[in-house]
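Student: Sharing a structure below in structure tokens format, with a few things to ask.
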Amino acid sequence: MKKYQRSHEPIVWSLFGGGGMVAAFLLPALILATGIIAPLGLGNPWSLSFHRVLAFSQTWWGALLILTIIALPLFHAAHRIYHGLHDLHIRGPKPLMLTICYGGASLLSGLALYWLIVLATQPIGSGIALRVGY
Amino acid sequence: MNARKPYSITQRPGWWLHNSFFFWYMLREATSLFVGLYCVILLTGLYRLSQGEIAWNSWLTSLTHPASIAFHCLALMAALYHAVTWFKLAPKIMVVRLGDWTLPQKSMLVGQWLIFAVCSISLLFVLLWIGK
């Protein structure tokens with residue numbers, strides 16, 4: 001009996017689709033808030049304060065939201081960059097290109113998860129600030 | 001000499017520049033560069049947050065650099081263009097059927113923009129105007 005090799009496409013495409021959703025629904029407002037309004041000093045000065053963001057990142061739902069917002073659009077971008085490079089005739093061996101694009105997205109998502117775990121294991125509130133000699 | 005005469009595609013690398021449909025298609029694909037870079041910026045912020053208050057504040061200061069604000073303006077336009085094209089695509093990919101009835105593509109498009117508005121307003125409100 002012939003053995004069929006399963007395609008990785010459904011997994012990759014769901015990550016791409018999910019990332020596209022996050023990028024379309026959440027990123028415009030997030031970019032506007034963290035990259036333009038807050039740096040220009042137009043928002044509430046406490047809005048992105050250390051303790052507030054730290055407390056948010058230490059709740060399970062906050063951590064999940066941060067991971068979703070960072071990881072899914074990374075896979076979305078990896079998918080489009082992988083196919084876009086092919087379209088632009090910037091071509092290399094397929095395993096290499098797959099490793100660079102999806103491997104890169106996996107690595108960065110893994111780092112996000114790692115730092116969220118680091119944050120979750122820190123004492124709630126001002127614990128870290130004291131440790132770095134603040 | 002090789003007996004095979006495989007057909008080789010002679011597509012030039014600049015093929016997408018000569019046709020407006022392909023140009024906008026490639027521009028849509030290019031929005032992902034900004035999406036990816038913005039996520040890397042957020043990831044840097046997460047790393048700085050894990051290092052403590054001084055590191056976090058220096059990350060916030062780096063975002064006030066004019067080059068950073070210029071980048072975020074471009075990224076905002078890219079994300080909005082992505083949203084426009086994504087919302088147009090979704091009703092074609094996910095056709096919602098209930099028995100004989102099909103959800104009109106136009107209502108799905110409007111629905112997505114409504115969700116977008118609710119998400120954006122609540123995000124901006126929570127991120128910028130609720131605080132200590």
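By convention in this document, the chains of the structure tokens carry letters A, B, ... by their order, each chain's residues are numbered from 1, and ligands are numbered from 1 in the order they are shown.
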Please list as number ranges by chain every residue within 12 Å of B:Ile115, counting only C-alpha atoms and excluding residues in the same chain fewer than 2 positions away.

Tutor: A: 21-22, 24-26; B: 83, 87, 108-113, 117-123

Student: Selected residues, N, CA and C atoms, written as an mmCIF file, in the first residue's frame, please.

Tutor:
```cif
data_model
loop_
_atom_site.group_PDB
_atom_site.id
_atom_site.type_symbol
_atom_site.label_atom_id
_atom_site.label_comp_id
_atom_site.auth_asym_id
_atom_site.auth_seq_id
_atom_site.Cartn_x
_atom_site.Cartn_y
_atom_site.Cartn_z
ATOM 1 N N MET A 21 -6.095 37.462 11.022
ATOM 2 C CA MET A 21 -7.222 37.989 11.799
ATOM 3 C C MET A 21 -6.726 38.965 12.871
ATOM 4 N N VAL A 22 -5.732 38.521 13.647
ATOM 5 C CA VAL A 22 -5.180 39.371 14.703
ATOM 6 C C VAL A 22 -4.630 40.659 14.089
ATOM 7 N N ALA A 24 -5.444 42.113 11.339
ATOM 8 C CA ALA A 24 -6.465 42.990 10.767
ATOM 9 C C ALA A 24 -7.311 43.647 11.863
ATOM 10 N N PHE A 25 -7.692 42.871 12.899
ATOM 11 C CA PHE A 25 -8.618 43.411 13.903
ATOM 12 C C PHE A 25 -7.910 44.204 15.001
ATOM 13 N N LEU A 26 -6.714 43.767 15.405
ATOM 14 C CA LEU A 26 -6.089 44.373 16.588
ATOM 15 C C LEU A 26 -4.875 45.255 16.302
ATOM 16 N N ALA B 83 -5.875 45.128 6.614
ATOM 17 C CA ALA B 83 -7.242 44.920 7.100
ATOM 18 C C ALA B 83 -8.249 45.052 5.952
ATOM 19 N N PHE B 87 -10.486 41.839 4.982
ATOM 20 C CA PHE B 87 -11.935 41.824 5.144
ATOM 21 C C PHE B 87 -12.644 41.574 3.814
ATOM 22 N N MET B 108 -21.261 40.399 5.541
ATOM 23 C CA MET B 108 -20.088 39.903 6.248
ATOM 24 C C MET B 108 -19.006 40.986 6.283
ATOM 25 N N LEU B 109 -18.879 41.693 5.168
ATOM 26 C CA LEU B 109 -17.898 42.787 5.091
ATOM 27 C C LEU B 109 -18.222 43.865 6.123
ATOM 28 N N VAL B 110 -19.509 44.259 6.166
ATOM 29 C CA VAL B 110 -19.938 45.285 7.117
ATOM 30 C C VAL B 110 -19.734 44.792 8.550
ATOM 31 N N GLY B 111 -20.085 43.509 8.782
ATOM 32 C CA GLY B 111 -19.920 42.915 10.109
ATOM 33 C C GLY B 111 -18.483 42.971 10.584
ATOM 34 N N GLN B 112 -17.573 42.657 9.671
ATOM 35 C CA GLN B 112 -16.150 42.680 10.041
ATOM 36 C C GLN B 112 -15.687 44.084 10.411
ATOM 37 N N TRP B 113 -16.165 45.090 9.665
ATOM 38 C CA TRP B 113 -15.777 46.462 9.984
ATOM 39 C C TRP B 113 -16.364 46.906 11.315
ATOM 40 N N ALA B 117 -14.232 48.118 14.466
ATOM 41 C CA ALA B 117 -14.451 49.373 15.191
ATOM 42 C C ALA B 117 -14.534 49.124 16.696
ATOM 43 N N VAL B 118 -15.279 48.081 17.085
ATOM 44 C CA VAL B 118 -15.413 47.771 18.515
ATOM 45 C C VAL B 118 -14.053 47.408 19.115
ATOM 46 N N CYS B 119 -13.289 46.540 18.397
ATOM 47 C CA CYS B 119 -11.953 46.143 18.871
ATOM 48 C C CYS B 119 -11.057 47.368 19.016
ATOM 49 N N SER B 120 -11.031 48.220 17.990
ATOM 50 C CA SER B 120 -10.104 49.348 17.979
ATOM 51 C C SER B 120 -10.436 50.342 19.079
ATOM 52 N N ILE B 121 -11.725 50.689 19.204
ATOM 53 C CA ILE B 121 -12.112 51.690 20.199
ATOM 54 C C ILE B 121 -11.838 51.171 21.603
ATOM 55 N N SER B 122 -12.198 49.887 21.861
ATOM 56 C CA SER B 122 -11.979 49.384 23.223
ATOM 57 C C SER B 122 -10.490 49.254 23.517
ATOM 58 N N LEU B 123 -9.700 48.826 22.520
ATOM 59 C CA LEU B 123 -8.251 48.714 22.733
ATOM 60 C C LEU B 123 -7.637 50.074 23.047
#
```

Student: Dump as an NGL selection string the residues of chain B that approach chain A to within 8 Å, counting only C-alpha atoms.

Tutor: :B and (13-14 or 26 or 29-30 or 32-33 or 35-36 or 38-40 or 42-43 or 46-47 or 49-54 or 56-57 or 60-61 or 63-64 or 68-69 or 72-73 or 75-76 or 79-80 or 82-84 or 86-87 or 115-116 or 119-121 or 123-124 or 127-132)

Student: As a ChimeraX atom specification, please: every residue in chain A that a backbone DSSP assignment puts in helix (DSSP H, G or I).

Tutor: /A:9-25,27-37,50-57,60-87,94-120,127-131

Student: Between atom CA of A:Tyr4 and atom CA of B:Ile93, what is the distance in Å, rounded to a tenth?

Tutor: 26.8 Å

Student: What is the distance, in Å and to one decimal place, between atom CA of B:Leu27 and atom CA of A:Arg91?

Tutor: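 Interatomic distance here is 19.2 Å.
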
Student: Quick check, in Å to one decimal: how far apart do atom CA of A:Tyr82 and atom CA of A:Leu98 lie?

Tutor: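 We find that atom CA of A:Tyr82 and atom CA of A:Leu98 lie 7.2 Å from each other.
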
Student: Could you check the closest approach to A:Gly103 for each of A:Leu85, A:Leu64, A:Val12, A:Ala55 and tell me which residue wins, using only C-alpha atoms?

Tutor: A:Val12

Student: Taking the backbone alone, and naming residues the way the document does, which bits of chain B are strand (DSSP E) by DSSP, as number ranges by chain?

Tutor: B: 97-98, 101-102
